[in-house]
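Colleague: Contents of input09.txt (compact mmCIF, C-alpha atoms and all ligand atoms) are given next:
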```txt
# COMPACT_ATOMS: atom_id res chain seq x y z
CA MET A 1 -20.88 13.15 -13.47
CA ASN A 2 -23.33 11.89 -16.18
CA GLN A 3 -26.60 10.60 -14.84
CA GLY A 4 -26.25 6.83 -14.51
CA ALA A 5 -22.52 6.76 -15.34
CA ALA A 6 -20.04 5.36 -12.83
CA PRO A 7 -18.16 8.10 -10.96
CA LYS A 8 -14.57 8.44 -12.08
CA VAL A 9 -11.62 8.84 -9.74
CA SER A 10 -8.17 9.95 -10.79
CA PHE A 11 -5.46 8.58 -8.49
CA VAL A 12 -1.89 9.72 -7.84
CA SER A 13 0.27 7.36 -5.79
CA LEU A 14 3.55 8.75 -4.49
CA GLY A 15 6.18 7.30 -2.17
CA CYS A 16 7.48 3.87 -1.31
CA PRO A 17 6.09 0.38 -2.05
CA LYS A 18 4.34 0.48 1.30
CA ALA A 19 2.34 3.51 0.19
CA LEU A 20 1.62 1.72 -3.08
CA VAL A 21 -0.01 -1.10 -1.14
CA ASP A 22 -2.25 1.45 0.62
CA SER A 23 -3.19 2.87 -2.78
CA GLU A 24 -4.05 -0.60 -4.04
CA ARG A 25 -6.30 -1.20 -1.05
CA ILE A 26 -8.19 2.07 -1.57
CA ILE A 27 -8.59 1.45 -5.28
CA THR A 28 -9.75 -2.12 -4.68
CA ARG A 29 -12.48 -0.84 -2.38
CA LEU A 30 -13.51 1.89 -4.81
CA ARG A 31 -13.69 -0.54 -7.72
CA ALA A 32 -15.79 -2.87 -5.58
CA GLU A 33 -18.23 -0.02 -5.06
CA GLY A 34 -18.49 0.62 -8.80
CA TYR A 35 -16.11 3.58 -9.17
CA GLU A 36 -14.00 3.79 -12.30
CA LEU A 37 -10.42 4.97 -12.58
CA ALA A 38 -9.78 7.97 -14.81
CA ARG A 39 -6.59 8.39 -16.79
CA LYS A 40 -6.54 12.17 -16.38
CA HIS A 41 -7.53 14.60 -13.63
CA ASP A 42 -9.41 16.64 -16.17
CA GLY A 43 -12.88 15.09 -16.55
CA ALA A 44 -12.63 12.91 -13.42
CA ASP A 45 -15.19 13.45 -10.65
CA LEU A 46 -12.42 13.84 -8.11
CA VAL A 47 -8.71 13.21 -7.52
CA ILE A 48 -7.09 11.27 -4.67
CA VAL A 49 -3.43 12.03 -3.95
CA ASN A 50 -1.60 9.48 -1.76
CA THR A 51 1.33 11.52 -0.48
CA CYS A 52 4.79 10.72 0.86
CA GLY A 53 6.24 12.71 3.75
CA PHE A 54 9.53 10.89 4.27
CA LEU A 55 11.91 13.65 3.20
CA ASP A 56 11.41 17.33 2.56
CA SER A 57 11.96 16.74 -1.15
CA ALA A 58 9.18 14.09 -1.10
CA LYS A 59 6.90 16.59 0.66
CA GLN A 60 7.60 19.12 -2.08
CA GLU A 61 6.74 16.52 -4.71
CA SER A 62 3.51 15.74 -2.85
CA LEU A 63 2.56 19.42 -2.61
CA GLY A 64 3.28 19.77 -6.33
CA ALA A 65 0.98 16.83 -7.12
CA ILE A 66 -1.80 18.32 -4.98
CA GLY A 67 -1.37 21.69 -6.71
CA GLU A 68 -1.63 20.06 -10.13
CA ALA A 69 -4.77 18.18 -9.10
CA MET A 70 -6.32 21.39 -7.71
CA ALA A 71 -5.58 23.28 -10.92
CA GLN A 72 -6.80 20.56 -13.28
CA ASN A 73 -9.77 19.28 -11.30
CA GLY A 74 -10.42 21.17 -8.09
CA LYS A 75 -11.99 18.30 -6.09
CA VAL A 76 -9.03 16.77 -4.28
CA ILE A 77 -8.75 14.27 -1.40
CA VAL A 78 -5.33 13.94 0.20
CA THR A 79 -4.13 10.90 2.14
CA GLY A 80 -0.85 9.15 3.05
CA CYS A 81 2.19 9.98 5.16
CA MET A 82 2.16 13.73 4.61
CA GLY A 83 -1.50 13.81 5.68
CA ALA A 84 -0.42 12.90 9.22
CA GLU A 85 0.74 16.50 9.59
CA PRO A 86 -1.93 18.39 7.63
CA GLU A 87 -0.92 21.99 8.46
CA GLN A 88 1.40 22.45 5.50
CA ILE A 89 -1.20 21.16 3.04
CA GLU A 90 -4.00 23.22 4.59
CA GLN A 91 -1.88 26.30 4.33
CA ALA A 92 -0.98 25.81 0.68
CA TYR A 93 -4.36 24.44 -0.46
CA PRO A 94 -7.13 25.42 1.94
CA ASN A 95 -9.80 24.08 -0.45
CA VAL A 96 -8.82 20.40 -0.54
CA LEU A 97 -11.84 18.28 0.40
CA SER A 98 -10.20 16.16 3.08
CA ILE A 99 -6.80 15.24 4.49
CA THR A 100 -6.07 11.94 6.23
CA GLY A 101 -2.94 10.07 7.30
CA PRO A 102 -1.61 6.68 6.14
CA GLN A 103 -3.86 3.60 6.29
CA GLN A 104 -6.97 5.61 7.00
CA TYR A 105 -8.84 3.82 4.26
CA GLU A 106 -12.28 4.32 5.80
CA SER A 107 -11.88 8.09 6.04
CA VAL A 108 -10.72 8.27 2.42
CA LEU A 109 -13.75 6.28 1.30
CA GLU A 110 -16.10 8.44 3.35
CA ALA A 111 -14.64 11.56 1.72
CA VAL A 112 -15.07 9.99 -1.73
CA HIS A 113 -18.71 9.05 -0.95
CA ARG A 114 -19.40 12.64 0.10
CA ALA A 115 -17.81 14.17 -2.99
CA ALA A 116 -19.07 11.67 -5.59
CA PRO A 117 -21.63 9.20 -4.20
CA PRO A 118 -21.38 5.65 -5.56
CA LEU A 119 -23.99 4.31 -7.96
CA HIS A 120 -26.38 1.83 -6.45
CA ASN A 121 -25.15 -0.80 -8.78
CA PRO A 122 -21.98 -2.17 -7.27
CA HIS A 123 -20.67 -4.78 -9.64
CA ILE A 124 -18.91 -6.46 -6.80
CA ASP A 125 -18.52 -9.67 -8.77
CA LEU A 126 -16.55 -7.85 -11.43
CA LEU A 127 -13.75 -7.30 -8.98
CA PRO A 128 -10.92 -9.73 -9.48
CA PRO A 129 -10.51 -11.91 -6.37
CA GLN A 130 -6.97 -10.66 -5.70
CA GLY A 131 -8.10 -7.01 -5.70
CA VAL A 132 -6.85 -4.28 -8.00
CA LYS A 133 -3.11 -3.98 -8.29
CA LEU A 134 -1.07 -1.04 -9.47
CA THR A 135 1.96 -3.25 -9.99
CA PRO A 136 2.07 -5.44 -13.12
CA ARG A 137 0.13 -8.66 -12.74
CA HIS A 138 3.18 -10.90 -12.54
CA TYR A 139 4.58 -9.39 -9.37
CA ALA A 140 2.97 -8.01 -6.25
CA TYR A 141 4.01 -6.42 -2.99
CA LEU A 142 2.90 -8.25 0.12
CA LYS A 143 2.81 -6.00 3.17
CA ILE A 144 3.21 -8.10 6.31
CA SER A 145 3.14 -5.37 8.97
CA GLU A 146 2.67 -1.66 9.52
CA GLY A 147 4.71 0.72 11.66
CA CYS A 148 8.04 0.21 13.35
CA ASN A 149 9.39 -0.30 16.87
CA ASN A 150 12.81 1.19 16.04
CA ARG A 151 13.64 4.82 16.56
CA CYS A 152 16.29 5.68 13.98
CA THR A 153 17.05 9.33 14.61
CA PHE A 154 16.71 10.46 10.98
CA CYS A 155 13.33 8.81 10.46
CA ILE A 156 9.80 9.99 11.27
CA ILE A 157 8.01 6.86 10.10
CA PRO A 158 7.28 5.60 13.66
CA LYS A 159 5.74 9.02 14.38
CA LEU A 160 3.64 8.85 11.25
CA ARG A 161 2.74 5.16 11.30
CA GLY A 162 3.10 4.17 14.94
CA ASP A 163 4.65 1.06 16.46
CA LEU A 164 4.87 -2.31 14.72
CA VAL A 165 1.53 -4.00 14.04
CA SER A 166 1.94 -7.36 12.29
CA ARG A 167 -0.73 -9.17 10.32
CA PRO A 168 -1.50 -12.69 11.55
CA ALA A 169 0.37 -15.30 9.50
CA ASN A 170 -2.78 -16.87 8.05
CA ASP A 171 -4.01 -13.47 6.86
CA VAL A 172 -0.76 -12.87 4.94
CA LEU A 173 -0.79 -16.42 3.55
CA ARG A 174 -4.41 -16.09 2.40
CA GLU A 175 -3.50 -12.95 0.46
CA ALA A 176 -0.41 -14.59 -1.02
CA GLU A 177 -2.42 -17.63 -2.11
CA LYS A 178 -5.00 -15.42 -3.87
CA LEU A 179 -2.29 -13.43 -5.61
CA VAL A 180 -0.56 -16.55 -6.91
CA ALA A 181 -3.89 -18.06 -8.02
CA ALA A 182 -4.52 -14.84 -9.98
CA GLY A 183 -1.24 -15.18 -11.89
CA VAL A 184 1.35 -13.46 -9.70
CA LYS A 185 4.77 -15.07 -10.16
CA GLU A 186 6.79 -13.03 -7.71
CA LEU A 187 5.87 -11.92 -4.19
CA LEU A 188 7.82 -9.00 -2.75
CA VAL A 189 7.60 -9.16 1.02
CA ILE A 190 7.69 -5.66 2.51
CA SER A 191 7.25 -3.82 5.80
CA GLN A 192 9.34 -1.23 7.66
CA ASP A 193 11.35 -3.96 9.37
CA THR A 194 10.60 -7.35 7.83
CA SER A 195 12.82 -9.34 10.18
CA ALA A 196 10.89 -7.98 13.21
CA TYR A 197 7.66 -9.50 11.90
CA GLY A 198 5.44 -10.89 14.66
CA VAL A 199 7.32 -9.43 17.65
CA ASP A 200 4.18 -7.48 18.62
CA LEU A 201 2.07 -10.65 18.34
CA LYS A 202 4.57 -12.54 20.50
CA TYR A 203 4.91 -14.83 17.45
CA GLU A 204 1.37 -16.07 18.01
CA THR A 205 0.30 -19.00 15.83
CA SER A 206 -2.72 -18.94 13.56
CA GLN A 207 -4.29 -21.79 11.65
CA TRP A 208 -3.41 -22.13 8.00
CA LYS A 209 -4.78 -25.19 6.15
CA ASP A 210 -4.15 -28.18 8.40
CA ARG A 211 -1.38 -26.61 10.47
CA ASP A 212 -0.54 -23.81 12.86
CA VAL A 213 1.91 -21.20 11.62
CA ARG A 214 3.81 -18.86 13.92
CA ALA A 215 3.84 -15.15 13.10
CA LYS A 216 7.61 -15.31 12.78
CA PHE A 217 9.84 -14.17 9.93
CA ILE A 218 11.37 -17.59 9.25
CA ASP A 219 8.08 -19.53 9.53
CA LEU A 220 6.28 -17.09 7.26
CA ALA A 221 9.10 -17.17 4.70
CA ARG A 222 9.00 -20.99 4.67
CA GLU A 223 5.23 -21.06 4.13
CA LEU A 224 5.37 -18.41 1.41
CA GLY A 225 7.93 -20.58 -0.34
CA GLU A 226 5.29 -23.31 -0.69
CA PHE A 227 3.24 -21.40 -3.25
CA GLY A 228 5.79 -21.96 -6.02
CA ALA A 229 6.23 -18.22 -6.77
CA TRP A 230 9.44 -16.27 -6.36
CA VAL A 231 9.60 -14.83 -2.84
CA ARG A 232 11.80 -11.76 -2.40
CA LEU A 233 12.55 -10.39 1.07
CA GLN A 234 12.94 -6.64 1.39
CA TYR A 235 13.82 -4.34 4.29
CA VAL A 236 15.46 -6.99 6.45
CA TYR A 237 17.88 -6.15 9.30
CA PRO A 238 20.86 -8.34 10.07
CA TYR A 239 19.50 -9.79 13.31
CA PRO A 240 21.03 -13.16 14.17
CA HIS A 241 17.81 -15.04 13.33
CA VAL A 242 18.11 -13.88 9.71
CA ASP A 243 20.86 -16.51 9.38
CA GLU A 244 18.14 -19.17 9.30
CA VAL A 245 16.61 -17.81 6.10
CA ILE A 246 19.79 -18.57 4.15
CA ALA A 247 18.98 -22.29 4.37
CA LEU A 248 15.59 -21.59 2.78
CA MET A 249 17.40 -19.89 -0.09
CA ASN A 250 19.45 -22.99 -0.70
CA GLU A 251 16.27 -25.07 -0.66
CA GLY A 252 14.83 -22.77 -3.36
CA LYS A 253 11.97 -21.62 -1.11
CA VAL A 254 12.91 -17.94 -1.17
CA LEU A 255 15.12 -16.04 -3.61
CA PRO A 256 18.81 -15.71 -2.75
CA TYR A 257 18.32 -11.99 -2.26
CA LEU A 258 18.24 -9.71 0.76
CA ASP A 259 17.52 -6.02 0.80
CA ILE A 260 19.16 -4.74 3.98
CA PRO A 261 19.23 -0.96 4.47
CA PHE A 262 22.56 -0.72 6.34
CA GLN A 263 22.67 3.12 6.03
CA HIS A 264 26.26 3.29 7.31
CA ALA A 265 29.13 1.15 8.56
CA SER A 266 31.01 3.34 11.01
CA PRO A 267 30.07 2.35 14.59
CA ASP A 268 29.98 6.01 15.70
CA VAL A 269 27.61 7.09 12.95
CA LEU A 270 25.40 4.02 13.43
CA LYS A 271 25.20 4.86 17.10
CA GLN A 272 24.11 8.41 16.33
CA MET A 273 21.58 7.02 13.88
CA ARG A 274 20.34 4.54 16.50
CA ARG A 275 20.14 1.82 13.88
CA PRO A 276 18.77 -1.59 14.81
CA ALA A 277 21.15 -4.57 14.73
CA ALA A 278 24.15 -2.26 14.29
CA GLN A 279 27.19 -4.19 15.38
CA ASP A 280 30.64 -4.92 14.15
CA LYS A 281 29.91 -8.56 13.32
CA THR A 282 27.96 -7.64 10.20
CA LEU A 283 30.87 -8.27 7.83
CA ALA A 284 31.49 -11.70 9.33
CA ARG A 285 27.81 -12.47 9.02
CA ILE A 286 27.73 -11.47 5.32
CA LYS A 287 30.77 -13.65 4.71
CA ALA A 288 29.13 -16.62 6.40
CA TRP A 289 25.90 -16.12 4.43
CA ARG A 290 27.83 -16.06 1.17
CA GLU A 291 29.76 -19.19 2.10
CA GLU A 292 26.50 -20.98 2.75
CA CYS A 293 24.73 -19.52 -0.29
CA PRO A 294 27.23 -18.24 -2.89
CA GLU A 295 24.42 -17.00 -5.11
CA LEU A 296 23.15 -14.54 -2.47
CA ALA A 297 22.63 -11.01 -3.83
CA LEU A 298 22.62 -8.12 -1.39
CA ARG A 299 21.05 -4.72 -1.91
CA SER A 300 21.43 -1.84 0.48
CA THR A 301 21.04 1.88 0.94
CA PHE A 302 23.43 4.29 2.64
CA ILE A 303 23.26 7.85 3.93
CA VAL A 304 26.31 10.10 3.59
CA GLY A 305 26.78 13.42 5.37
CA PHE A 306 24.92 12.43 8.54
CA PRO A 307 25.59 15.02 11.32
CA GLY A 308 28.94 14.31 12.93
CA GLU A 309 30.20 12.03 10.10
CA THR A 310 33.95 12.66 9.97
CA ASP A 311 36.40 11.99 7.15
CA SER A 312 37.51 8.85 8.93
CA ASP A 313 33.90 7.65 9.40
CA PHE A 314 33.41 8.07 5.69
CA GLN A 315 36.66 6.28 4.88
CA TYR A 316 35.52 3.45 7.16
CA LEU A 317 32.35 3.19 5.08
CA LEU A 318 34.29 3.03 1.80
CA ASP A 319 36.60 0.33 3.17
CA TRP A 320 33.60 -1.57 4.51
CA LEU A 321 32.00 -1.49 1.04
CA ASP A 322 35.17 -3.00 -0.45
CA GLU A 323 34.94 -5.83 2.05
CA ALA A 324 31.19 -6.36 1.96
CA GLN A 325 30.92 -6.38 -1.85
CA ILE A 326 27.26 -5.40 -1.83
CA ASP A 327 25.70 -6.10 -5.23
CA ARG A 328 23.40 -3.09 -5.53
CA VAL A 329 23.58 0.15 -3.60
CA GLY A 330 21.45 3.26 -3.35
CA CYS A 331 22.96 6.32 -1.66
CA PHE A 332 21.34 9.45 -0.26
CA LYS A 333 22.79 12.68 1.01
CA TYR A 334 21.49 13.31 4.52
CA GLU A 335 18.54 15.69 4.60
CA SER A 336 16.96 16.92 7.79
CA VAL A 337 13.29 16.08 8.02
CA ALA A 338 10.89 18.14 10.12
CA GLY A 339 10.26 16.22 13.35
CA ALA A 340 13.35 13.96 13.19
CA THR A 341 15.50 13.84 16.33
CA SER A 342 18.71 13.91 14.24
CA ASN A 343 17.96 17.60 13.54
CA ALA A 344 19.25 18.39 17.02
CA LEU A 345 22.64 16.67 16.48
CA ASP A 346 25.81 18.74 16.44
CA ASN A 347 28.30 19.09 13.60
CA PRO A 348 26.16 19.20 10.47
CA VAL A 349 28.14 18.27 7.36
CA PRO A 350 28.37 21.10 4.77
CA GLU A 351 26.53 20.48 1.50
CA ASP A 352 29.69 20.47 -0.67
CA ILE A 353 31.26 17.77 1.50
CA LYS A 354 28.06 15.72 1.36
CA THR A 355 28.14 15.95 -2.43
CA ALA A 356 31.83 15.00 -2.62
CA ARG A 357 31.20 11.97 -0.38
CA TRP A 358 28.16 10.96 -2.39
CA ASN A 359 30.23 11.08 -5.61
CA ALA A 360 33.08 9.12 -4.04
CA LEU A 361 30.78 6.42 -2.70
CA MET A 362 28.91 6.02 -5.97
CA ALA A 363 32.17 5.77 -7.94
CA ARG A 364 33.56 3.14 -5.54
CA GLN A 365 30.34 1.16 -5.58
CA GLN A 366 29.93 1.29 -9.35
CA LYS A 367 33.16 -0.63 -9.70
CA ILE A 368 32.05 -3.23 -7.17
CA SER A 369 28.62 -3.65 -8.76
CA ALA A 370 30.10 -3.91 -12.24
CA GLN A 371 32.58 -6.58 -11.11
CA ARG A 372 29.87 -8.59 -9.42
CA LEU A 373 27.66 -8.40 -12.52
CA LYS A 374 30.55 -9.50 -14.74
CA ARG A 375 30.75 -12.75 -12.80
CA LYS A 376 27.38 -13.68 -14.30
CA VAL A 377 28.67 -13.57 -17.90
CA GLY A 378 28.78 -17.11 -19.30
CA THR A 379 26.32 -18.46 -16.70
CA ARG A 380 22.73 -19.52 -17.15
CA GLN A 381 20.19 -17.55 -15.15
CA GLN A 382 16.51 -17.77 -14.57
CA VAL A 383 14.88 -14.56 -15.80
CA ILE A 384 11.36 -13.27 -15.21
CA VAL A 385 10.08 -11.28 -18.20
CA ASP A 386 8.83 -7.78 -17.33
CA GLU A 387 8.37 -6.15 -20.72
CA VAL A 388 8.20 -7.43 -24.26
CA GLY A 389 9.28 -5.35 -27.28
CA PRO A 390 9.37 -6.16 -31.00
CA THR A 391 12.96 -7.44 -30.97
CA VAL A 392 14.11 -7.68 -27.37
CA ALA A 393 12.45 -8.36 -24.06
CA LYS A 394 13.41 -7.00 -20.68
CA GLY A 395 13.49 -9.10 -17.56
CA ARG A 396 15.21 -9.64 -14.23
CA THR A 397 17.31 -12.38 -12.68
CA ARG A 398 16.61 -13.69 -9.20
CA SER A 399 19.17 -11.11 -8.00
CA ASP A 400 17.16 -8.12 -9.19
CA ALA A 401 14.09 -6.55 -7.62
CA PRO A 402 11.73 -4.61 -9.88
CA GLN A 403 12.22 -0.86 -10.24
CA ILE A 404 15.34 -0.61 -8.07
CA ASP A 405 17.86 -3.12 -9.46
CA GLY A 406 19.12 -3.85 -12.97
CA SER A 407 17.58 -5.64 -15.95
CA VAL A 408 18.43 -8.40 -18.41
CA PHE A 409 17.91 -7.58 -22.08
CA LEU A 410 16.92 -10.79 -23.81
CA SER A 411 16.83 -11.97 -27.38
CA SER A 412 14.74 -15.02 -28.07
CA ARG A 413 13.86 -17.23 -31.02
CA ARG A 414 10.21 -17.26 -30.00
CA PRO A 415 8.08 -14.40 -28.69
CA LEU A 416 8.12 -14.12 -24.91
CA LYS A 417 5.22 -13.36 -22.63
CA VAL A 418 5.23 -10.92 -19.71
CA GLY A 419 5.48 -12.86 -16.45
CA GLU A 420 7.10 -15.90 -18.10
CA ILE A 421 10.18 -17.31 -16.36
CA VAL A 422 12.86 -18.47 -18.81
CA THR A 423 16.46 -19.64 -18.64
CA ALA A 424 18.91 -17.27 -20.32
CA LYS A 425 22.54 -17.55 -21.25
CA ILE A 426 24.22 -14.33 -20.12
CA GLU A 427 26.55 -13.01 -22.81
CA ARG A 428 27.47 -9.51 -21.72
CA ALA A 429 27.33 -7.18 -18.74
CA ASP A 430 27.50 -3.41 -18.62
CA GLN A 431 27.58 -1.23 -15.53
CA TYR A 432 24.03 -1.99 -14.38
CA ASP A 433 22.44 -4.49 -16.75
CA LEU A 434 22.96 -7.87 -18.36
CA HIS A 435 22.39 -9.03 -21.93
CA GLY A 436 21.65 -12.57 -23.00
CA THR A 437 19.78 -15.09 -25.11
CA VAL A 438 16.98 -17.34 -24.03
CA ALA A 439 18.27 -20.91 -23.83
CA GLY A 440 15.29 -22.64 -22.25
CA PHE A 441 11.60 -22.04 -21.74
S1 LIG A 501 13.85 0.91 10.99
FE1 LIG A 501 14.47 2.99 11.36
S2 LIG A 501 14.48 3.91 9.30
FE2 LIG A 501 13.25 2.06 9.17
S3 LIG A 501 11.14 2.75 9.57
FE3 LIG A 501 11.97 2.05 11.51
S4 LIG A 501 12.74 3.92 12.46
FE4 LIG A 501 12.48 4.37 10.29
```
As a first step, turn the structure in this file into structure tokens.
Ligand code: SF4
Modeller:
Amino acid sequence: MNQGAAPKVSFVSLGCPKALVDSERIITRLRAEGYELARKHDGADLVIVNTCGFLDSAKQESLGAIGEAMAQNGKVIVTGCMGAEPEQIEQAYPNVLSITGPQQYESVLEAVHRAAPPLHNPHIDLLPPQGVKLTPRHYAYLKISEGCNNRCTFCIIPKLRGDLVSRPANDVLREAEKLVAAGVKELLVISQDTSAYGVDLKYETSQWKDRDVRAKFIDLARELGEFGAWVRLQYVYPYPHVDEVIALMNEGKVLPYLDIPFQHASPDVLKQMRRPAAQDKTLARIKAWREECPELALRSTFIVGFPGETDSDFQYLLDWLDEAQIDRVGCFKYESVAGATSNALDNPVPEDIKTARWNALMARQQKISAQRLKRKVGTRQQVIVDEVGPTVAKGRTRSDAPQIDGSVFLSSRRPLKVGEIVTAKIERADQYDLHGTVAGF
């Protein structure tokens, strides 16, 4: 480090949006203390790797990122989900400076202070009031709780992150207000189980402005809707109380969008997975939601090849997809994860059958998704602009979350700005994306 120059930190953030929020918090604190972010490992004073330990493939990716940082820099601090079980990292890279688990912000900062002490010139006022965000300025993830009370057999997140701990409602609302004041146009509400928000707090109220707000999913969603930004709900389970949020969609308070990780449809598989809110009324519930709010877009993820999944379980899932008409689907082949209780289940599905099922599900779903997208051709849609190029811009409708869903490619008679929300006439749909022209600003 040059004498008098701010220490530089290179940061690698792996894993899900929840890990991204942790990264943002660490970076915000470092920036507040006068650290600078480096673009490359080479030349930085140290590297922080925020790891993901969800699947074995994610662990491999994390180990690869640590290896790269060790080779290019040599001063490496590891944090995040994989840090909760440090043995594997210690074995591969005994010289990393420190290893901590998720949300251990203080320990990460202590390790940074030891390796590259901060300058005694913290330009705290230079820090934007909303903190430093790794997501583009026009959208931001809002984490409302940590941990999870469920015990899905394939998942080790409760082991890594512990039971559900919700933030008080006024704390979440304060953050949302700051984000919107700083220019954020879309709030993506995330947690491991968004619909369980506040259960641990017994839905305790906290004071926000002139009123008391309960730490409850529906109350929080209603209040978030007051800021005038798009509010997108992710990782929701189909508990009966979720029905209430559909009315807020019709009022325009939250987006007509739900990301519900169903993971399977067959009752036997769901039972083996120990999924929350797994019950045969889900299809009826989806139907009722769509009747009440025809615009509702549903996104989900599924796992094929779970131990014990039979041909008829899989056929059940395909038939269910035909009925449910989910708009966007992600599918994973089951992978055993060290520490997951599903590892002990009988009847593992051979890899070639997993692959065949994955292909069959994706083919079936592609047709459904394409048909649902086609229904938008000829309509007018609100579109938030994500990227602007010389001739076309790229954005998303209210039915599309950033990074995981599709895009709208827009032509416009005047240049568009990132973060602007426009009305577009949709002219064409392909398998994943829409194409249209801006018809109103
Ligand atoms: S709901 Fe299930 S899959 Fe999701 S974090 Fe909790 S235990 Fe894991």
Colleague: For each of A:Val76, A:Ala196, A:Cys293, A:Val108, take the minimum atom-to-atom distance to ligand LIG 501 (chain A), counting all atoms listed in the file, then give the residue where this is smallest.
Modeller: A:Ala196
Colleague: Provide the atom CA of A:Thr423 to atom CA of A:Gln403 distance in Å, to one decimal place.
Modeller: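 Distance reported for this atom pair: 21.0 Å.
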Colleague: So, counting all atoms listed in the file, which residue among A:Ala247, A:Ala429, A:Val242, A:Leu46 is closest to A:Gln371?
Modeller: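 Counting all atoms listed in the file, the residue closest to A:Gln371 is A:Ala429.
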Colleague: Can you measure atom CA of A:Val96 to atom CA of A:Thr51 for me? One decimal in Å is fine.
Modeller: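 Atom CA of A:Thr51 lies 13.5 Å from atom CA of A:Val96.
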Colleague: Grab all the atoms of ligand LIG 501 (chain A) that the file lists, wrap them in a box along x, y and z, add 8 Å per side, and give me centre plus edge lengths in Å (one decimal) as AutoDock Vina command-line options.
Modeller:
```
--center_x 12.8 --center_y 2.6 --center_z 10.8 --size_x 19.3 --size_y 19.5 --size_z 19.3
```
Colleague: Please provide as a count of residues only all residues within 8 Å of A:Ala424, with the sequence filter that same-chain residues fewer than 3 positions apart are discarded (counting only C-alpha atoms).
Modeller: 10
Colleague: Find the residue from A:Val349, A:Val12, A:Ile77, A:Ala338 that sits nearest to A:Pro307; use only C-alpha atoms when measuring.
Modeller: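 Residue with the minimum atom-to-atom distance to A:Pro307: A:Val349.
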Colleague: Residues at most 6 Å from stretch 295-301 of chain A, counting all atoms listed in the file, excluding those fewer than 6 positions away in the same chain, as number ranges by chain?
Modeller: A: 256-261, 263, 326-331, 399
Colleague: Kindly indicate which residue among A:Arg372, A:Arg31, A:Arg137, A:Lys59 lies nearest to A:Pro86, using all atoms listed in the file for the distances.
Modeller: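 Counting all atoms listed in the file, the residue closest to A:Pro86 is A:Lys59.
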Colleague: List all protein, DNA and RNA residues that have an atom no more than 9 Å from any atom of ligand LIG 501 (chain A), counting all atoms listed in the file, and report them as a list of chain:residue names.
Modeller: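 Using all atoms listed in the file, I find these residues within 9 Å of ligand LIG 501 (chain A): A:Gly147, A:Cys148, A:Asn149, A:Asn150, A:Arg151, A:Cys152, A:Thr153, A:Phe154, A:Cys155, A:Ile156, A:Ile157, A:Pro158, A:Lys159, A:Arg161, A:Asp163, A:Leu164, A:Ser191, A:Gln192, A:Asp193, A:Tyr235, A:Tyr237, A:Pro261, A:Gln263, A:Met273, A:Arg274, A:Arg275, A:Pro276.
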Colleague: As a ChimeraX atom specification, please: the residues near A:Cys16 (cut-off 10 Å, only C-alpha atoms, same-chain neighbours under 3 positions excluded).
Modeller: /A:13,19-21,51-52,54
Colleague: Suppose we keep C-alpha atoms; can you now write the selection as a CSV table (one decimal), keeping the file's coordinate frame?
Modeller:
```csv
chain,number,residue,atom,x,y,z
A,13,SER,CA,0.3,7.4,-5.8
A,19,ALA,CA,2.3,3.5,0.2
A,20,LEU,CA,1.6,1.7,-3.1
A,21,VAL,CA,0.0,-1.1,-1.1
A,51,THR,CA,1.3,11.5,-0.5
A,52,CYS,CA,4.8,10.7,0.9
A,54,PHE,CA,9.5,10.9,4.3
```
Colleague: Which of these residues is nearest to A:Leu14, using only C-alpha atoms: A:Glu61, A:Asp405, A:Glu177, A:Glu36?
Modeller: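 Under the stated criterion, the closest residue is A:Glu61.
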Colleague: What gap, in Å, lies between atom CA of A:Leu248 and atom CA of A:Ile218?
Modeller: 8.7 Å
Colleague: For A:Ile66, which residue out of A:Lys287, A:Lys417, A:Lys271, A:His41 is the nearest one, using only C-alpha atoms?
Modeller: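 Result for the nearest residue to A:Ile66: A:His41.
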Colleague: Need to verify the contact set: A:Lys367, 12 Å, all atoms listed in the file, exclusion of same-chain residues closer than 6 positions in sequence. Can you return it as JSON, numbers by chain?
Modeller: {"A": [321, 322, 325, 326, 327, 328, 329, 360, 361, 373, 374, 430, 431, 432]}
Colleague: Skipping near chain neighbours, those fewer than 2 positions away, what residues fall within 12 Å of A:Ala344 using all atoms listed in the file, listed as a list in words?
Modeller: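 Listing them by chain and then by number gives Thr153, Phe154, Gln272, Phe306, Pro307, Gly308, Ser336, Val337, Ala338, Gly339, Ala340, Thr341, Ser342, Asp346, Asn347 and Pro348 of chain A.
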